[in-house]
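Asker: You'll find structure06.csv just under this line, and it carries CSV, C-alpha atoms.
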chain,number,residue,atom,x,y,z
E,1,MET,CA,-38.5,165.7,1.5
E,2,ASN,CA,-36.7,162.5,0.8
E,3,GLU,CA,-34.3,162.2,-2.1
E,4,GLN,CA,-36.4,159.7,-4.1
E,5,LEU,CA,-39.4,162.1,-4.0
E,6,ASP,CA,-37.2,164.8,-5.6
E,7,PHE,CA,-36.7,162.5,-8.6
E,8,VAL,CA,-40.4,161.7,-8.9
E,9,ARG,CA,-41.3,165.4,-8.8
E,10,ALA,CA,-38.7,166.2,-11.4
E,11,ASP,CA,-40.1,163.6,-13.7
E,12,ARG,CA,-43.5,165.1,-13.4
E,13,ALA,CA,-42.3,168.7,-13.8
E,14,CYS,CA,-39.9,168.2,-16.8
E,15,ASP,CA,-40.0,166.6,-20.2
E,16,ALA,CA,-39.5,162.9,-19.8
E,17,ILE,CA,-35.9,161.6,-20.0
E,18,ALA,CA,-34.5,158.1,-19.5
E,19,THR,CA,-32.6,157.6,-16.2
E,20,ASP,CA,-31.7,154.6,-14.2
E,21,PRO,CA,-30.7,154.0,-10.5
E,22,MET,CA,-26.9,154.2,-11.2
E,23,ILE,CA,-27.3,157.6,-12.8
E,24,GLU,CA,-29.7,158.9,-10.1
E,25,ALA,CA,-27.3,157.8,-7.4
E,26,ALA,CA,-24.3,159.4,-9.1
E,27,VAL,CA,-26.3,162.7,-9.6
E,28,ARG,CA,-27.4,162.6,-5.9
E,29,ASP,CA,-23.7,162.2,-4.9
E,30,GLY,CA,-22.5,165.2,-6.8
E,31,ALA,CA,-21.2,163.7,-10.0
E,32,ILE,CA,-19.6,165.9,-12.7
E,33,VAL,CA,-22.0,165.9,-15.7
E,34,VAL,CA,-20.4,166.5,-19.1
E,35,PHE,CA,-22.5,167.1,-22.2
E,36,ASN,CA,-21.1,166.0,-25.6
E,37,LEU,CA,-21.9,168.8,-28.1
E,38,SER,CA,-21.4,168.3,-31.8
E,39,GLY,CA,-23.6,171.1,-33.0
E,40,GLY,CA,-26.4,168.7,-33.9
E,41,LYS,CA,-30.1,168.5,-32.9
E,42,ASP,CA,-29.8,165.3,-30.8
E,43,CYS,CA,-27.1,166.6,-28.5
E,44,GLY,CA,-29.0,169.9,-28.2
E,45,ALA,CA,-32.2,168.1,-27.2
E,46,ALA,CA,-30.4,165.7,-24.8
E,47,SER,CA,-28.6,168.5,-23.1
E,48,ALA,CA,-31.7,170.8,-22.8
E,49,LEU,CA,-33.9,168.1,-21.3
E,50,THR,CA,-31.2,166.7,-19.0
E,51,ILE,CA,-30.3,170.2,-17.6
E,52,ALA,CA,-34.0,170.9,-16.8
E,53,TRP,CA,-34.1,167.6,-15.0
E,54,LEU,CA,-30.8,168.3,-13.1
E,55,ASP,CA,-32.1,171.7,-12.1
E,56,ALA,CA,-35.3,170.1,-10.8
E,57,VAL,CA,-33.5,167.6,-8.6
E,58,GLY,CA,-31.1,170.2,-7.2
E,59,HIS,CA,-27.8,169.2,-9.0
E,60,PRO,CA,-25.4,172.2,-8.8
E,61,ALA,CA,-24.9,174.0,-12.1
E,62,GLU,CA,-21.2,174.4,-11.4
E,63,LEU,CA,-20.8,170.6,-11.7
E,64,ARG,CA,-21.8,170.7,-15.4
E,65,TRP,CA,-19.6,171.2,-18.5
E,66,ALA,CA,-19.9,170.8,-22.3
E,67,ILE,CA,-17.2,169.2,-24.4
E,68,HIS,CA,-16.6,169.2,-28.2
E,69,ALA,CA,-14.1,167.3,-30.3
E,70,ASP,CA,-13.1,169.5,-33.2
E,71,LEU,CA,-12.5,167.5,-36.4
E,72,GLY,CA,-11.0,170.6,-38.2
E,73,ARG,CA,-11.5,171.0,-41.9
E,74,ALA,CA,-13.9,168.0,-42.1
E,75,GLU,CA,-16.5,169.9,-40.1
E,76,TRP,CA,-19.0,172.4,-41.5
E,77,GLU,CA,-17.2,175.7,-41.4
E,78,SER,CA,-20.0,177.0,-39.1
E,79,THR,CA,-19.7,174.2,-36.5
E,80,PRO,CA,-17.3,175.9,-34.1
E,81,ALA,CA,-19.6,178.9,-33.8
E,82,GLN,CA,-22.6,176.6,-33.7
E,83,VAL,CA,-21.2,174.6,-30.7
E,84,GLU,CA,-20.4,177.8,-28.9
E,85,ALA,CA,-23.9,179.0,-29.4
E,86,GLN,CA,-25.3,175.7,-28.1
E,87,ALA,CA,-23.2,175.9,-25.0
E,88,HIS,CA,-24.1,179.5,-24.4
E,89,ALA,CA,-27.9,178.8,-24.8
E,90,LEU,CA,-27.6,175.8,-22.4
E,91,GLY,CA,-25.6,177.8,-19.8
E,92,LEU,CA,-22.6,175.4,-20.0
E,93,ARG,CA,-18.9,176.1,-19.9
E,94,LEU,CA,-17.3,174.6,-23.0
E,95,MET,CA,-14.2,172.5,-23.4
E,96,VAL,CA,-12.9,172.1,-27.0
E,97,VAL,CA,-10.4,169.3,-27.6
E,98,ARG,CA,-8.4,168.3,-30.7
E,99,ALA,CA,-6.3,165.3,-31.7
E,100,GLN,CA,-2.6,166.2,-31.6
E,101,SER,CA,-2.1,164.1,-34.7
E,102,GLY,CA,-4.1,166.4,-36.9
E,103,ASP,CA,-7.6,166.7,-38.1
E,104,LEU,CA,-9.8,164.2,-39.9
E,105,VAL,CA,-8.6,165.3,-43.3
E,106,ASP,CA,-5.1,164.7,-42.2
E,107,ARG,CA,-6.1,161.2,-41.0
E,108,PHE,CA,-7.6,160.3,-44.4
E,109,GLU,CA,-4.5,161.6,-46.2
E,110,ASN,CA,-2.1,159.8,-43.9
E,111,ARG,CA,-4.1,156.6,-44.1
E,112,TRP,CA,-3.8,156.6,-47.8
E,113,SER,CA,-0.1,157.5,-48.0
E,114,LEU,CA,0.9,155.0,-45.2
E,115,GLY,CA,-1.3,152.3,-46.7
E,116,LEU,CA,0.3,152.7,-50.2
E,117,GLN,CA,3.7,152.5,-48.6
E,118,ALA,CA,2.7,149.3,-46.7
E,119,TYR,CA,1.4,147.8,-49.9
E,120,ARG,CA,4.7,148.6,-51.7
E,121,ASP,CA,6.5,146.9,-48.8
E,122,LEU,CA,4.2,143.9,-49.1
E,123,ARG,CA,2.9,144.4,-45.6
E,124,LEU,CA,-0.6,144.5,-47.0
E,125,TYR,CA,-2.0,141.9,-49.3
E,126,ASN,CA,-4.7,144.2,-50.7
E,127,LEU,CA,-4.3,147.9,-51.3
E,128,ARG,CA,-6.1,150.0,-48.6
E,129,GLY,CA,-8.1,153.1,-49.3
E,130,PRO,CA,-8.1,156.4,-47.3
E,131,TRP,CA,-11.6,156.4,-45.9
E,132,SER,CA,-13.3,155.2,-42.7
E,133,SER,CA,-16.5,153.2,-43.0
E,134,PRO,CA,-19.6,152.0,-41.0
E,135,ASN,CA,-17.5,149.0,-39.9
E,136,LEU,CA,-14.3,151.0,-39.3
E,137,LYS,CA,-15.3,154.3,-37.8
E,138,PHE,CA,-11.9,155.5,-36.8
E,139,CYS,CA,-13.2,159.0,-37.4
E,140,GLN,CA,-15.2,158.6,-34.2
E,141,SER,CA,-12.9,156.4,-32.2
E,142,GLU,CA,-9.6,158.2,-32.9
E,143,LYS,CA,-10.7,161.8,-33.4
E,144,LYS,CA,-13.5,162.0,-30.9
E,145,ILE,CA,-13.7,159.3,-28.2
E,146,GLN,CA,-10.0,158.7,-27.8
E,147,VAL,CA,-9.5,162.5,-27.4
E,148,MET,CA,-12.4,163.4,-25.2
E,149,GLY,CA,-12.2,160.4,-22.9
E,150,PRO,CA,-8.6,160.8,-21.7
E,151,HIS,CA,-9.1,164.6,-21.4
E,152,LEU,CA,-12.1,164.1,-19.1
E,153,ALA,CA,-10.3,161.5,-17.0
E,154,ARG,CA,-7.4,163.9,-16.5
E,155,GLN,CA,-9.5,167.0,-15.9
E,156,PHE,CA,-11.8,165.4,-13.3
E,157,ALA,CA,-9.5,162.7,-11.8
E,158,GLY,CA,-10.9,161.2,-8.7
E,159,ARG,CA,-14.5,162.2,-9.5
E,160,THR,CA,-17.5,160.4,-10.9
E,161,ILE,CA,-18.0,161.7,-14.4
E,162,ILE,CA,-21.3,161.2,-16.3
E,163,ASN,CA,-20.9,161.7,-20.0
E,164,VAL,CA,-24.3,162.7,-21.6
E,165,VAL,CA,-24.6,161.5,-25.3
E,166,GLY,CA,-27.6,162.2,-27.5
E,167,ILE,CA,-28.0,158.7,-29.0
E,168,ARG,CA,-31.5,157.6,-30.0
E,169,ARG,CA,-32.7,154.1,-30.7
E,170,GLU,CA,-34.8,155.3,-33.6
E,171,GLU,CA,-31.7,156.3,-35.6
E,172,SER,CA,-30.6,152.9,-36.8
E,173,THR,CA,-30.8,149.2,-36.1
E,174,GLY,CA,-27.3,149.4,-34.7
E,175,ARG,CA,-28.5,151.8,-32.0
E,176,ALA,CA,-31.9,150.1,-31.4
E,177,LYS,CA,-30.5,148.3,-28.3
E,178,THR,CA,-28.6,151.3,-26.8
E,179,PRO,CA,-28.8,151.1,-23.0
E,180,ILE,CA,-30.0,154.0,-21.0
E,181,ALA,CA,-26.7,154.1,-19.1
E,182,LYS,CA,-23.6,152.0,-18.5
E,183,LEU,CA,-20.2,152.2,-16.8
E,184,ASP,CA,-17.5,153.4,-19.2
E,185,THR,CA,-14.2,151.7,-18.2
E,186,ARG,CA,-12.2,152.6,-21.3
E,187,PHE,CA,-10.5,155.6,-19.6
E,188,ALA,CA,-11.1,154.8,-16.0
E,189,LYS,CA,-10.4,151.2,-15.2
E,190,PRO,CA,-12.1,149.6,-12.2
E,191,GLY,CA,-9.9,150.3,-9.1
E,192,ASN,CA,-7.8,152.9,-10.8
E,193,ARG,CA,-5.4,154.8,-8.6
E,194,ALA,CA,-7.1,158.1,-8.9
E,195,GLY,CA,-10.5,156.7,-7.9
E,196,THR,CA,-12.2,158.0,-11.1
E,197,THR,CA,-15.5,156.5,-12.3
E,198,MET,CA,-16.9,157.3,-15.7
E,199,MET,CA,-20.4,156.6,-17.0
E,200,LEU,CA,-22.2,157.0,-20.3
E,201,TRP,CA,-25.8,158.3,-20.1
E,202,HIS,CA,-28.2,158.3,-23.1
E,203,PRO,CA,-31.2,160.3,-21.7
E,204,ILE,CA,-33.1,160.6,-25.0
E,205,VAL,CA,-32.8,157.0,-26.3
E,206,ASP,CA,-36.6,156.8,-26.8
E,207,VAL,CA,-37.2,160.3,-28.2
E,208,LEU,CA,-38.4,160.5,-31.8
E,209,VAL,CA,-36.9,162.8,-34.4
E,210,ASP,CA,-39.9,165.1,-34.7
E,211,ASP,CA,-39.8,165.7,-31.0
E,212,VAL,CA,-36.1,166.4,-31.1
E,213,PHE,CA,-36.5,169.4,-33.3
E,214,ASP,CA,-39.4,170.6,-31.1
E,215,ILE,CA,-37.3,170.3,-28.0
E,216,ASN,CA,-34.5,172.5,-29.4
E,217,LEU,CA,-37.0,175.1,-30.4
E,218,ARG,CA,-38.8,175.1,-27.0
E,219,TYR,CA,-35.6,175.4,-25.0
E,220,GLY,CA,-34.0,178.0,-27.3
E,221,VAL,CA,-31.2,175.8,-28.5
E,222,PRO,CA,-30.0,177.0,-31.9
E,223,LEU,CA,-30.1,174.6,-34.8
E,224,ALA,CA,-27.1,174.1,-37.2
E,225,GLU,CA,-27.1,175.6,-40.7
E,226,SER,CA,-27.0,172.1,-42.2
E,227,TYR,CA,-30.7,171.6,-41.3
E,228,ALA,CA,-31.7,174.8,-42.9
E,229,ARG,CA,-29.9,173.7,-46.1
E,230,GLY,CA,-31.9,170.4,-46.1
E,231,SER,CA,-29.6,167.9,-44.3
E,232,THR,CA,-31.2,165.3,-42.0
E,233,ARG,CA,-28.1,165.0,-39.8
E,234,HIS,CA,-25.4,167.4,-38.6
E,235,SER,CA,-22.0,165.7,-38.5
E,236,CYS,CA,-19.0,166.2,-40.7
E,237,ALA,CA,-19.9,168.2,-43.8
E,238,LEU,CA,-19.3,165.0,-45.8
E,239,CYS,CA,-19.7,161.9,-43.7
E,240,VAL,CA,-18.8,158.4,-44.7
E,241,MET,CA,-22.2,157.3,-43.3
E,242,GLY,CA,-24.1,160.2,-44.9
E,243,SER,CA,-27.1,159.7,-47.1
E,244,LEU,CA,-27.2,160.8,-50.7
E,245,ASN,CA,-29.2,163.8,-49.7
E,246,ASP,CA,-26.9,164.8,-46.9
E,247,LEU,CA,-23.8,164.4,-49.0
E,248,SER,CA,-25.3,166.6,-51.7
E,249,VAL,CA,-26.1,169.3,-49.1
E,250,GLY,CA,-22.6,169.0,-47.7
E,251,ALA,CA,-21.0,169.3,-51.1
E,252,GLU,CA,-22.8,172.5,-51.8
E,253,GLY,CA,-22.2,173.9,-48.3
E,254,HIS,CA,-18.5,173.0,-48.1
E,255,PRO,CA,-17.3,173.1,-51.7
E,256,TRP,CA,-13.5,173.1,-50.8
E,257,LEU,CA,-13.9,169.9,-48.8
E,258,TYR,CA,-16.0,168.3,-51.6
E,259,ARG,CA,-13.4,169.0,-54.2
E,260,HIS,CA,-10.6,167.9,-51.9
E,261,TYR,CA,-12.2,164.5,-51.2
E,262,VAL,CA,-13.0,164.0,-54.9
E,263,GLU,CA,-9.3,164.7,-55.6
E,264,MET,CA,-8.5,162.0,-53.1
E,265,GLU,CA,-10.9,159.6,-54.8
E,266,ALA,CA,-9.1,160.3,-58.1
E,267,THR,CA,-5.6,159.8,-56.6
E,268,SER,CA,-6.4,156.7,-54.6
E,269,SER,CA,-9.0,155.1,-56.9
E,270,PHE,CA,-11.2,154.4,-53.9
E,271,SER,CA,-14.7,155.8,-53.7
E,272,PHE,CA,-15.7,157.7,-50.6
E,273,GLN,CA,-18.5,155.2,-49.8
E,274,GLN,CA,-18.7,151.6,-50.9
E,275,GLY,CA,-20.5,151.7,-54.3
E,276,ARG,CA,-20.8,155.5,-54.2
E,277,TRP,CA,-18.4,158.1,-55.6
E,278,LEU,CA,-18.6,161.6,-54.2
E,279,ALA,CA,-17.7,162.8,-57.7
E,280,ASP,CA,-21.1,161.6,-58.9
E,281,ILE,CA,-23.1,163.5,-56.4
E,282,ARG,CA,-22.5,167.1,-57.5
E,283,PRO,CA,-20.4,166.9,-60.6
E,284,GLU,CA,-21.4,170.4,-61.6
E,285,LEU,CA,-19.1,171.6,-58.8
E,286,LEU,CA,-16.1,169.9,-60.3
E,287,SER,CA,-13.7,171.0,-63.1
E,288,PRO,CA,-13.6,169.1,-66.4
E,289,SER,CA,-10.0,167.9,-65.6
E,290,LEU,CA,-11.1,166.5,-62.2
E,291,LEU,CA,-14.0,164.8,-63.8
E,292,ALA,CA,-11.6,163.2,-66.4
E,293,ASP,CA,-9.3,162.1,-63.5
E,294,ILE,CA,-12.3,160.5,-61.8
E,295,GLY,CA,-13.2,158.6,-65.0
E,296,TRP,CA,-9.7,157.0,-65.0
E,297,ALA,CA,-9.9,156.3,-61.3
E,298,LYS,CA,-13.1,154.3,-61.8
E,299,VAL,CA,-11.3,152.3,-64.5
E,300,ARG,CA,-8.4,151.6,-62.2
E,301,ALA,CA,-10.7,150.7,-59.3
E,302,ALA,CA,-12.6,148.1,-61.4
E,303,GLU,CA,-9.3,146.6,-62.5
E,304,ARG,CA,-7.9,146.5,-58.9
E,305,ARG,CA,-11.0,144.8,-57.6
E,306,ALA,CA,-10.9,142.2,-60.3
E,307,LEU,CA,-7.2,141.5,-59.8
E,308,GLU,CA,-7.5,141.3,-56.0
E,309,GLN,CA,-10.6,139.1,-56.2
E,310,ALA,CA,-8.6,136.6,-58.3
E,311,LEU,CA,-5.7,136.4,-55.8
E,312,PRO,CA,-5.4,133.2,-53.7
E,313,ALA,CA,-8.0,133.5,-50.9
E,314,ARG,CA,-5.9,131.8,-48.3
E,315,HIS,CA,-3.5,134.7,-48.1
E,316,ARG,CA,-6.1,137.4,-47.5
E,317,PHE,CA,-5.6,139.5,-44.4
E,318,VAL,CA,-6.7,138.0,-41.0
E,319,ASP,CA,-5.4,138.5,-37.5
E,320,GLY,CA,-1.8,137.2,-37.4
E,321,TRP,CA,-1.3,137.7,-41.2
E,322,PRO,CA,0.5,136.2,-43.0
E,323,LEU,CA,-0.3,132.6,-42.0
E,324,HIS,CA,1.2,130.8,-45.0
E,325,VAL,CA,4.1,131.0,-47.4
E,326,PRO,CA,2.7,131.1,-51.0
E,327,THR,CA,3.7,128.5,-53.6
E,328,LEU,CA,5.6,129.7,-56.6
E,329,GLU,CA,2.4,129.5,-58.7
E,330,GLU,CA,0.5,131.6,-56.1
E,331,ALA,CA,3.5,134.0,-55.9
E,332,GLU,CA,3.3,134.5,-59.7
E,333,GLN,CA,-0.4,135.6,-59.3
E,334,ILE,CA,0.6,138.0,-56.5
E,335,VAL,CA,3.4,139.5,-58.6
E,336,SER,CA,1.1,140.0,-61.6
E,337,ALA,CA,-1.6,141.7,-59.6
E,338,ARG,CA,0.8,143.9,-57.6
E,339,ARG,CA,2.6,145.0,-60.8
E,340,ALA,CA,-0.6,146.3,-62.3
E,341,ILE,CA,-1.9,147.9,-59.1
E,342,LEU,CA,1.3,149.7,-58.3
E,343,ALA,CA,1.6,150.9,-61.8
E,344,HIS,CA,-1.8,152.7,-61.3
E,345,HIS,CA,0.1,154.9,-58.7
E,346,GLY,CA,3.4,155.3,-60.5
E,347,HIS,CA,5.4,152.8,-58.6
E,348,ALA,CA,7.5,149.7,-59.5
E,349,ASP,CA,7.3,146.5,-57.5
E,350,ASP,CA,10.3,145.9,-55.2
E,351,TYR,CA,9.0,142.3,-54.9
E,352,GLY,CA,8.6,141.7,-58.6
E,353,THR,CA,9.5,138.1,-59.0
E,354,PRO,CA,7.8,135.0,-57.4
E,355,ALA,CA,11.0,134.2,-55.6
E,356,ARG,CA,11.1,137.6,-53.9
E,357,VAL,CA,7.4,137.3,-52.9
E,358,VAL,CA,8.1,133.9,-51.3
E,359,ALA,CA,11.1,135.2,-49.5
E,360,ARG,CA,9.2,138.3,-48.3
E,361,PHE,CA,6.4,136.1,-46.8
E,362,GLU,CA,9.0,133.9,-45.1
E,363,GLN,CA,10.6,137.0,-43.7
E,364,LEU,CA,7.3,138.4,-42.4
E,365,ILE,CA,6.4,135.1,-40.8
E,366,ALA,CA,9.8,134.9,-39.1
E,367,MET,CA,9.5,138.4,-37.8
E,368,LYS,CA,6.0,137.6,-36.4
E,369,LEU,CA,7.3,134.5,-34.6
E,370,ALA,CA,10.3,136.4,-33.2
E,371,ALA,CA,8.1,139.2,-31.8
Let me see the structure of the file written as structure tokens.
Answerer:
Amino acid sequence: MNEQLDFVRADRACDAIATDPMIEAAVRDGAIVVFNLSGGKDCGAASALTIAWLDAVGHPAELRWAIHADLGRAEWESTPAQVEAQAHALGLRLMVVRAQSGDLVDRFENRWSLGLQAYRDLRLYNLRGPWSSPNLKFCQSEKKIQVMGPHLARQFAGRTIINVVGIRREESTGRAKTPIAKLDTRFAKPGNRAGTTMMLWHPIVDVLVDDVFDINLRYGVPLAESYARGSTRHSCALCVMGSLNDLSVGAEGHPWLYRHYVEMEATSSFSFQQGRWLADIRPELLSPSLLADIGWAKVRAAERRALEQALPARHRFVDGWPLHVPTLEEAEQIVSARRAILAHHGHADDYGTPARVVARFEQLIAMKLAA
């Protein structure tokens, strides 16, 4: 039996998955296959189908692992047990990794406190909020990808590592062009000394959502509690990319996290999502005093947006900021806006005159040029 025939027979015997010649060659040559588990339906389906296919082509089970990046208090409280149950049902050894810098809640809190300090120091032109966003998903990059990738590169140095991820093209326009597979050079540069090669494989890119649930059921992979509660996705209990429905479900399912994030909205005056305050989603879960604090936060947020919108546009943040020294007239506008915004948070402005603002910009530009 030739090796190509093995793959053909596997495709006929198993549920269809997406493969390509690079992946097939790596599997044939004994690659390590690592399954990314989050507790959700997509990773469960991707893992179940891929394991069935690997079994059919004769890939050794001892070359397979699961990995989970634990985001701590931001997760559903049941997620650690759910991921363990998934790995057990799939017959996979599980590696759990965590960022040494703290969990995702820590990251949001630190982003706010450091951003406020940077604004006070006039290292930021506009005040920065605590949250990630669809355009700035540091929650994924810093707390998942940048933790799992280096771990796998160390753990399996010198090997070919296939990272199986349950991304589907149906999920969003951003994922509509997801490739079946590609080399991943972020943590294993070409020609690296260890000889490590890393690949990303998306075996269920063309699977539809209704089939995903069916696959989990047929292969005996348990589904997370979030789905039983009515959520359409399993991610963090309260996700910055979550729908109104999923945020409502998460607020009820993880009330401590909901109240904590609303408290951060009140403190920072930044809504959890652009144009959507968490506080408005399940206000019955909040105390009267916290609802009152949110009312004031919305007033401060509107004032901050108006003040910042009126600031001279040529000084807004771009790569290499600052580019210009403000005129005294522009500096007066900056002083006026900063005084009001800092007062929202109980701070005076250390650069409270136009002359000090001009001098600070000159200092920042000199420091940049000297670096």
Asker: Given only C-alpha atoms as the basis, pick out the residue of E:Arg169, E:Arg123, E:Arg193, E:His347 nearest to E:Lys368.
Answerer: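 Closest residue, counting only C-alpha atoms: E:Arg123.
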Asker: Given the choices E:Gly242, E:Pro190, E:Gly253, E:Pro312, which gets closest to E:Leu278 if the distance is worked out from all atoms listed in the file?
Answerer: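 Residue with the minimum atom-to-atom distance to E:Leu278: E:Gly242.
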Asker: In Å, how far is it from atom CA of E:Val335 to atom CA of E:Gln117?
Answerer: 16.4 Å
Asker: Rank nothing, just name the residue among E:Asp103, E:Leu122, E:Ala194, E:Ala81 nearest to E:Asp349, using all atoms listed in the file.
Answerer: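 Ranking E:Asp103, E:Leu122, E:Ala194, E:Ala81 by distance to E:Asp349, first place goes to E:Leu122.
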Asker: Place a sphere of radius 6 Å on (-21.4, 163.5, -13.1) in the file coordinates and name every protein, DNA or RNA residue with an atom inside or on its surface, counting all atoms listed in the file; give the answer as a list of chain:residue names.
Answerer: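 Residues close enough to count: E:Ala31, E:Ile32, E:Val33, E:Thr160, E:Ile161, E:Ile162.
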Asker: Hey, which of E:Gly102, E:His202, E:Met241, E:Leu290 ends up closest to E:Arg175? Count only C-alpha atoms.
Answerer: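 Residue with the minimum atom-to-atom distance to E:Arg175: E:His202.
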Asker: Quick one: of E:Val97, E:Leu104, E:Ala74, E:Val57, who's nearest to E:Pro255, counting all atoms listed in the file?
Answerer: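 Looking at the shortest contact to E:Pro255, the residue is E:Ala74.
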Asker: Of the candidates E:Ile294, E:Asp20, E:Asp350, E:Ala45, which shows the shortest atom-to-atom distance to E:Asp210, using only C-alpha atoms?
Answerer: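 Ranked by minimum distance to E:Asp210, first place goes to E:Ala45.
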Asker: Could you tell me how far atom CA of E:Gln274 sits from atom CA of E:Asn36, in Å to one decimal place?
Answerer: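 Atom-to-atom, atom CA of E:Asn36 to atom CA of E:Gln274, that is 29.2 Å.
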Asker: Select, counting all atoms listed in the file, all protein, DNA and RNA residues no farther than 12 Å from (-3.6, 161.6, -49.2) in file coordinates, and express the selection as a ChimeraX atom specification.
Answerer: /E:104-117,128-131,260-270
Asker: Dump C-alpha atoms for the selected residues as a CSV table (one decimal), keeping the file's coordinate frame?
Answerer:
chain,number,residue,atom,x,y,z
E,104,LEU,CA,-9.8,164.2,-39.9
E,105,VAL,CA,-8.6,165.3,-43.3
E,106,ASP,CA,-5.1,164.7,-42.2
E,107,ARG,CA,-6.1,161.2,-41.0
E,108,PHE,CA,-7.6,160.3,-44.4
E,109,GLU,CA,-4.5,161.6,-46.2
E,110,ASN,CA,-2.1,159.8,-43.9
E,111,ARG,CA,-4.1,156.6,-44.1
E,112,TRP,CA,-3.8,156.6,-47.8
E,113,SER,CA,-0.1,157.5,-48.0
E,114,LEU,CA,0.9,155.0,-45.2
E,115,GLY,CA,-1.3,152.3,-46.7
E,116,LEU,CA,0.3,152.7,-50.2
E,117,GLN,CA,3.7,152.5,-48.6
E,128,ARG,CA,-6.1,150.0,-48.6
E,129,GLY,CA,-8.1,153.1,-49.3
E,130,PRO,CA,-8.1,156.4,-47.3
E,131,TRP,CA,-11.6,156.4,-45.9
E,260,HIS,CA,-10.6,167.9,-51.9
E,261,TYR,CA,-12.2,164.5,-51.2
E,262,VAL,CA,-13.0,164.0,-54.9
E,263,GLU,CA,-9.3,164.7,-55.6
E,264,MET,CA,-8.5,162.0,-53.1
E,265,GLU,CA,-10.9,159.6,-54.8
E,266,ALA,CA,-9.1,160.3,-58.1
E,267,THR,CA,-5.6,159.8,-56.6
E,268,SER,CA,-6.4,156.7,-54.6
E,269,SER,CA,-9.0,155.1,-56.9
E,270,PHE,CA,-11.2,154.4,-53.9
Asker: Write out as a list in words the residues lying within 7 Å of stretch 183-185 of chain E, counting all atoms listed in the file and excluding same-chain residues fewer than 2 positions away.
Answerer: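 With the cut-off at 7 Å, the set is Phe187, Ala188, Lys189, Pro190, Met198, Met199 and Leu200 of chain E.
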Asker: Just to confirm, what's the straight-line distance from atom CA of E:Asp211 to atom CA of E:His59 in Å (one decimal)?
Answerer: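 Answer for the atom CA of E:Asp211 to atom CA of E:His59 separation: 25.3 Å.
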Asker: When you look at stretch 218-233 of chain E with a cut-off of 8 Å (counting only C-alpha atoms), what residues show up, excluding the ones that are within fewer than 5 positions of it in the same chain? I need them as a VMD selection string.
Answerer: chain E and resid 39 to 41 44 to 45 48 78 to 79 82 85 to 86 89 to 90 245 to 246 249 to 250 253
Asker: List as a PyMOL selection string the protein and nucleic acid residues near E:His151, meaning an atom at most 12 Å away when all atoms listed in the file are counted, but skip any in the same chain fewer than 6 places from it.
Answerer: chain E and resi 34+67-69+95-99+144-145+157+161+187-188
Asker: Find the residues near E:Leu49: any atom within 9 Å, counting all atoms listed in the file, skip ones fewer than 2 places away on the same chain, and give them as a PyMOL selection string.
Answerer: chain E and resi 14-17+44-47+51-54+203-204+215+219
